[in-house]
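Next comes model18.cif, with mmCIF, C-alpha atoms.
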```
data_start
#
loop_
_atom_site.label_atom_id
_atom_site.label_comp_id
_atom_site.auth_asym_id
_atom_site.auth_seq_id
_atom_site.Cartn_x
_atom_site.Cartn_y
_atom_site.Cartn_z
CA MET A 1 97.32 95.07 92.47
CA ILE A 2 96.74 94.86 96.21
CA GLY A 3 95.74 91.25 95.68
CA VAL A 4 99.02 90.65 93.89
CA LEU A 5 100.89 92.08 96.84
CA MET A 6 98.95 90.00 99.35
CA LEU A 7 99.73 86.89 97.37
CA GLY A 8 103.32 88.05 97.12
CA ALA A 9 103.47 88.21 100.90
CA LEU A 10 102.03 84.71 100.99
CA LEU A 11 104.71 83.64 98.54
CA ALA A 12 107.43 85.11 100.72
CA SER A 13 106.06 83.60 103.91
CA ALA A 14 105.37 80.15 102.48
CA PRO A 15 107.55 77.40 104.00
CA SER A 16 110.51 76.31 101.94
CA ALA A 17 110.19 73.44 99.54
CA HIS A 18 112.92 71.61 101.40
CA GLY A 19 111.05 71.96 104.64
CA ARG A 20 108.03 70.48 102.97
CA HIS A 21 109.98 67.52 101.77
CA ALA A 22 110.06 66.20 105.30
CA ALA A 23 106.31 65.54 105.13
CA PRO A 24 104.69 63.07 102.74
CA LEU A 25 103.95 64.81 99.47
CA LEU A 26 100.53 64.32 98.04
CA ALA A 27 100.37 67.27 95.68
CA GLN A 28 100.61 66.03 92.11
CA GLN A 29 98.85 68.88 90.35
CA TRP A 30 100.20 72.33 89.63
CA GLN A 31 97.25 73.87 91.47
CA ASP A 32 98.16 71.88 94.58
CA LEU A 33 101.61 73.43 94.83
CA SER A 34 102.18 76.41 97.11
CA PRO A 35 103.22 79.71 95.47
CA PHE A 36 106.78 79.13 96.70
CA GLU A 37 106.86 75.61 95.23
CA ARG A 38 105.51 76.97 91.95
CA PHE A 39 108.17 79.66 91.94
CA GLU A 40 110.88 77.07 92.53
CA ALA A 41 109.40 74.69 89.95
CA LEU A 42 109.41 77.43 87.36
CA ARG A 43 113.03 78.27 88.16
CA HIS A 44 114.00 74.60 87.83
CA TYR A 45 112.16 74.40 84.52
CA ARG A 46 114.16 77.33 83.16
CA GLU A 47 117.40 75.72 84.36
CA HIS A 48 116.37 72.41 82.82
CA LYS A 49 115.78 74.04 79.43
CA GLN A 50 119.31 75.41 79.48
CA LEU A 51 120.85 71.95 79.85
CA PRO A 52 122.11 69.95 76.87
CA LYS A 53 119.49 67.62 75.43
CA SER A 54 121.32 64.51 76.64
CA ARG A 55 121.40 65.77 80.23
CA GLN A 56 117.71 66.71 80.02
CA GLN A 57 116.91 63.19 78.87
CA GLU A 58 118.97 61.68 81.67
CA ILE A 59 117.09 63.72 84.28
CA GLU A 60 113.76 62.80 82.74
CA ARG A 61 114.80 59.15 82.86
CA ARG A 62 115.59 59.60 86.56
CA TYR A 63 112.18 61.16 87.00
CA ARG A 64 110.55 58.02 85.56
CA ARG A 65 112.47 56.03 88.12
CA TRP A 66 111.44 58.45 90.89
CA GLN A 67 107.81 57.95 89.92
CA SER A 68 108.18 54.20 90.22
CA LEU A 69 109.50 54.37 93.80
CA SER A 70 107.33 53.76 96.83
CA GLU A 71 106.48 56.64 99.14
CA GLU A 72 108.72 55.13 101.84
CA GLU A 73 111.66 54.99 99.46
CA LYS A 74 111.02 58.56 98.34
CA GLN A 75 110.97 59.59 101.98
CA ARG A 76 114.31 57.87 102.57
CA ILE A 77 115.80 59.67 99.56
CA ARG A 78 114.45 63.01 100.77
CA LYS A 79 116.16 62.44 104.09
CA ASN A 80 119.40 61.68 102.24
CA PHE A 81 118.94 64.91 100.33
CA GLU A 82 118.69 66.77 103.63
CA ARG A 83 121.84 64.99 104.82
CA TYR A 84 123.58 66.07 101.62
CA GLN A 85 122.46 69.65 102.11
CA ASN A 86 123.90 69.61 105.63
CA LEU A 87 127.37 68.73 104.30
CA THR A 88 129.96 71.47 104.07
CA GLU A 89 131.25 72.46 100.64
CA SER A 90 134.43 70.39 101.06
CA GLU A 91 132.37 67.40 102.25
CA ARG A 92 130.15 67.74 99.20
CA GLU A 93 133.19 67.83 96.98
CA ARG A 94 134.45 64.62 98.62
CA PHE A 95 130.99 63.08 98.17
CA ARG A 96 131.03 63.93 94.47
CA ARG A 97 134.45 62.35 94.08
CA LYS A 98 133.28 59.26 95.95
CA TYR A 99 130.25 59.04 93.72
CA GLU A 100 132.37 59.22 90.58
CA ARG A 101 134.58 56.49 91.97
CA TRP A 102 131.60 54.38 93.00
CA ARG A 103 130.07 54.69 89.51
CA GLU A 104 133.20 53.15 88.08
CA VAL A 105 133.06 50.13 90.38
CA ARG A 106 129.32 49.73 91.00
CA PRO A 107 128.09 46.17 90.44
CA THR A 108 125.19 47.08 88.13
CA PRO A 109 124.84 50.26 86.15
CA GLU A 110 122.12 52.78 86.87
CA PRO A 111 118.87 51.53 85.26
CA MET B 1 97.73 108.05 123.30
CA PHE B 2 101.27 107.67 121.96
CA CYS B 3 103.25 110.66 120.66
CA SER B 4 103.31 109.29 117.09
CA ARG B 5 99.52 109.05 116.99
CA ALA B 6 99.12 112.42 118.71
CA ARG B 7 101.34 114.10 116.12
CA ARG B 8 99.36 112.55 113.29
CA HIS B 9 96.20 114.23 114.52
CA MET B 10 97.65 117.54 115.64
CA THR B 11 96.92 119.57 112.51
CA ALA B 12 93.33 118.40 112.42
CA PHE B 13 93.07 119.16 116.13
CA ALA B 14 94.45 122.67 115.72
CA ASP B 15 92.01 123.18 112.86
CA GLY B 16 89.12 122.08 115.08
CA ALA B 17 88.39 119.23 112.69
CA LEU B 18 89.19 116.28 114.95
CA GLN B 19 86.44 114.03 116.29
CA PRO B 20 85.55 115.07 119.87
CA ARG B 21 86.60 111.78 121.50
CA ARG B 22 89.94 111.77 119.70
CA ALA B 23 90.41 115.48 120.43
CA ALA B 24 89.86 114.81 124.15
CA ARG B 25 92.48 112.04 124.09
CA LEU B 26 94.97 114.26 122.27
CA ASN B 27 94.24 117.12 124.67
CA ALA B 28 94.93 114.82 127.61
CA HIS B 29 98.18 113.71 125.99
CA VAL B 30 99.56 117.20 125.31
CA ARG B 31 98.86 118.15 128.89
CA VAL B 32 101.39 115.59 130.09
CA CYS B 33 103.81 115.52 127.10
CA ALA B 34 105.99 118.64 126.86
CA ALA B 35 107.34 117.77 123.38
CA CYS B 36 103.87 117.25 121.88
CA HIS B 37 102.62 120.34 123.70
CA ALA B 38 105.36 122.44 122.11
CA GLU B 39 104.70 120.94 118.69
CA LEU B 40 100.99 121.62 118.96
CA ARG B 41 101.64 125.26 119.92
CA GLU B 42 103.88 125.56 116.85
CA ILE B 43 101.21 124.11 114.57
CA GLU B 44 98.60 126.41 116.07
CA ARG B 45 100.87 129.40 115.43
CA THR B 46 101.42 128.34 111.83
CA ILE B 47 97.70 127.87 111.25
CA ALA B 48 96.99 131.25 112.79
CA MET B 49 99.51 132.84 110.45
CA GLN B 50 97.96 131.09 107.46
CA LYS B 51 94.50 132.28 108.46
CA ALA B 52 95.75 135.82 108.92
CA ALA B 53 97.39 135.73 105.53
CA LEU B 54 94.21 134.44 103.93
CA GLN B 55 92.15 137.23 105.51
CA ALA B 56 94.60 140.04 104.72
CA PRO B 57 93.66 142.31 101.81
CA LEU B 58 95.62 141.76 98.63
CA PRO B 59 96.02 145.12 96.94
CA GLU B 60 96.38 145.56 93.23
CA LEU B 61 94.84 142.19 92.38
CA SER B 62 91.69 141.74 90.44
CA PRO B 63 88.80 140.40 92.54
CA GLU B 64 88.61 137.35 90.30
CA PHE B 65 92.31 136.54 90.71
CA GLU B 66 92.13 137.16 94.45
CA LEU B 67 89.20 134.77 94.77
CA ARG B 68 90.98 132.05 92.81
CA LEU B 69 94.15 132.56 94.83
CA ARG B 70 92.30 132.31 98.13
CA GLN B 71 90.47 129.20 96.97
CA ARG B 72 93.72 127.58 95.90
CA LEU B 73 95.42 128.46 99.18
CA GLN B 74 92.48 126.97 101.09
CA GLU B 75 92.73 123.80 99.04
CA LEU B 76 96.46 123.51 99.62
CA ARG B 77 96.08 124.09 103.33
CA ARG B 78 93.35 121.47 103.58
CA SER B 79 95.31 118.87 101.65
CA ASP B 80 98.44 119.49 103.73
CA ALA B 81 96.66 119.53 107.04
CA TYR B 82 95.31 116.00 107.08
CA PRO B 83 94.37 113.46 104.43
CA THR B 84 90.84 113.34 103.16
CA TRP B 85 89.15 109.96 102.78
CA ALA B 86 90.13 109.92 99.12
CA ALA B 87 93.76 110.64 99.89
CA ARG B 88 93.77 107.96 102.57
CA ILE B 89 92.69 105.39 99.99
CA TRP B 90 94.42 106.79 96.94
CA LYS B 91 97.88 107.11 98.50
CA PRO B 92 98.10 103.50 99.78
CA ALA B 93 96.67 102.30 96.46
CA LEU B 94 99.35 104.24 94.60
CA ALA B 95 102.03 102.86 96.92
CA ALA B 96 100.67 99.34 96.42
CA GLY B 97 100.61 99.82 92.66
CA LEU B 98 104.18 101.09 92.62
CA ALA B 99 105.27 98.22 94.86
CA ALA B 100 103.58 95.71 92.57
CA ALA B 101 105.27 97.28 89.56
CA GLY B 102 108.54 97.06 91.48
CA VAL B 103 107.98 93.37 92.19
CA LEU B 104 107.33 92.71 88.51
CA LEU B 105 110.41 94.69 87.47
CA ALA B 106 112.52 92.92 90.08
CA ALA B 107 111.29 89.64 88.64
CA ALA B 108 112.70 90.50 85.23
CA PRO B 109 116.09 88.85 85.86
CA LEU B 110 114.25 85.74 87.05
CA GLY B 111 112.46 85.38 83.74
CA GLY B 112 110.19 88.37 83.44
CA PRO B 113 106.79 89.06 84.97
CA SER B 114 105.80 85.42 84.41
CA ALA B 115 108.26 84.50 87.18
CA VAL B 116 105.83 86.19 89.56
CA LEU B 117 102.51 85.88 87.76
CA VAL B 118 102.72 82.12 87.17
CA PRO B 119 103.45 81.16 90.81
CA LEU B 120 100.62 83.40 91.91
CA GLY B 121 98.23 81.59 89.58
CA ILE B 122 97.59 84.69 87.49
CA ALA B 123 99.25 83.24 84.38
CA PRO B 124 99.34 79.57 83.34
CA PRO B 125 102.56 77.55 83.70
CA PRO B 126 104.43 76.22 80.65
CA PRO B 127 102.68 73.04 79.39
CA LYS B 128 105.60 70.80 80.40
CA VAL B 129 105.54 72.13 83.96
CA ALA B 130 101.76 71.73 84.13
CA ARG B 131 102.11 68.12 82.94
CA GLU B 132 104.93 67.18 85.31
CA PRO B 133 104.88 69.52 88.30
CA GLU B 134 106.51 66.93 90.54
CA LEU B 135 109.56 66.74 88.29
CA PHE B 136 110.21 70.45 88.62
CA ARG B 137 109.20 70.72 92.26
CA ASP B 138 111.55 67.90 93.32
CA TYR B 139 114.11 68.72 90.64
CA PRO B 140 117.17 69.00 92.95
CA ILE B 141 116.44 65.49 94.26
CA ILE B 142 115.62 63.95 90.90
CA GLU B 143 118.69 65.51 89.32
CA HIS B 144 120.86 63.64 91.85
CA LEU B 145 118.61 60.65 92.35
CA ASP B 146 121.31 58.09 91.77
CA GLU B 147 123.67 59.62 94.34
CA LEU B 148 120.91 60.13 96.89
CA GLU B 149 119.48 56.68 96.46
CA ASN B 150 122.90 55.21 97.28
CA PHE B 151 123.99 57.89 99.73
CA ASP B 152 125.35 55.58 102.44
CA THR B 153 127.08 53.29 99.98
CA VAL B 154 128.74 56.24 98.27
CA GLN B 155 129.79 57.77 101.59
CA ALA B 156 131.48 54.50 102.51
CA ILE B 157 133.71 54.55 99.42
CA PRO B 158 137.27 55.43 100.47
CA LEU B 159 139.19 58.07 98.56
CA GLU B 160 142.91 57.91 97.83
CA ASP B 161 143.72 60.42 100.55
CA GLU B 162 141.75 58.55 103.19
CA VAL B 163 143.51 56.19 105.56
CA LEU B 164 141.43 53.78 107.59
CA GLY B 165 138.26 55.63 106.69
CA LYS B 166 139.50 59.07 107.88
CA PRO B 167 140.40 61.97 105.61
CA ARG B 168 144.11 62.84 105.66
CA GLY B 169 144.77 65.49 108.28
CA ALA B 170 141.60 64.62 110.20
CA GLY B 171 143.69 63.51 113.17
#
```
Output the file's structure in the form of structure tokens.
Amino acid sequence: MIGVLMLGALLASAPSAHGRHAAPLLAQQWQDLSPFERFEALRHYREHKQLPKSRQQEIERRYRRWQSLSEEEKQRIRKNFERYQNLTESERERFRRKYERWREVRPTPEP
Amino acid sequence: MFCSRARRHMTAFADGALQPRRAARLNAHVRVCAACHAELREIERTIAMQKAALQAPLPELSPEFELRLRQRLQELRRSDAYPTWAARIWKPALAAGLAAAGVLLAAAPLGGPSAVLVPLGIAPPPPKVAREPELFRDYPIIEHLDELENFDTVQAIPLEDEVLGKPRGAG
């Protein structure tokens, strides 16, 4: 039980997943993830299961694309994610509207 | 010695059960700290009263009952005075156990004990998560991959309420 608590403290003190995104990510195995990353991954998994099947498939398709990207490109996207997170709620709303508009006029559809 | 530490050892000190080096430090502290000095005198008075009560004759009690009562009072006084080695270990262990149970209960809304046990490596993850940990670790990015991949292009798209690239009312 004491061990559980010690690991719990480690979990609480582990750096955030978003903070880790700034560095190149080499961990590909579950065992390589920090307790905090595992906690977040598990939460995302539960959220994913709640989504409609079509949305799940779309995200999994995006994951295939993510896997095919170079590390430099992934790094660029992570930085964009940080930029998105730094937007205010109204700026995010505008971004979402812009994205919807852009999807309508984009030259080639999303692969 | 700080007051908090001095007060922790006062009962043992008054009982004559404190290690000599620690007793000397506490003695030095109470000589210069009026509050701790007063508290120590109070504890010494209480202990003296307890000892007097234990030594006083108890009329109309059977010798067997009196013996058991005295033994019990001694036990209670010892356990209240200062923790034994067992209490020092047992009490933190109990607190840790209760805290761990609390953590597991608190995790219930997050998906039950597995929400804590799996991240800690005590229980295995669901097979899909074990197969594709990167998907679920980077899920917020992957979920919005298209938007994030084209972030600058999307940001450059004007909305209806934007004039010359500035939101209406932006000045």
Could you tell me which residues the PyMOL selection byres ((chain A and resi 41) around 9) grabs in this file, written as a list in words?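 Matching residues under the PyMOL selection byres ((chain A and resi 41) around 9) are Phe36, Glu37, Arg38, Phe39, Glu40, Leu42, Arg43, His44, Tyr45 and Arg46 of chain A; Pro119, Val129, Pro133, Glu134, Leu135, Phe136, Arg137, Asp138 and Tyr139 of chain B.
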Please identify every residue of chain B that has at least one atom no more than 9 Å from any atom of chain A, counting only C-alpha atoms, and report them as a ChimeraX atom specification. /B:93,96-97,99-101,103,110-111,115-122,125-126,128-159
Could you check the closest approach to Cys36 of chain B for each of B:Arg8, B:Leu67, B:Leu73, B:Glu160 and tell me which residue wins, using all atoms listed in the file? B:Arg8
Mind giving me the straight-line distance from atom CA of Asn27 of chain B to atom CA of Ala14 of chain B in Å, one decimal? 10.5 Å
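Take atom CA of Leu26 of chain B and atom CA of Ala6 of chain B: the distance between them is 5.8 Å.
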Separation of atom CA of Arg68 of chain B from atom CA of Met10 of chain B in Å: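 Answer for the atom CA of Met10 of chain B to atom CA of Arg68 of chain B separation: 27.9 Å.
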List, as a list of chain:residue names, every residue that the PyMOL selection byres ((chain B and resi 5) around 12) selects in the file provided. B:Met1, B:Phe2, B:Cys3, B:Ser4, B:Ala6, B:Arg7, B:Arg8, B:His9, B:Met10, B:Thr11, B:Arg22, B:Ala23, B:Arg25, B:Leu26, B:His29, B:Val30, B:Cys36
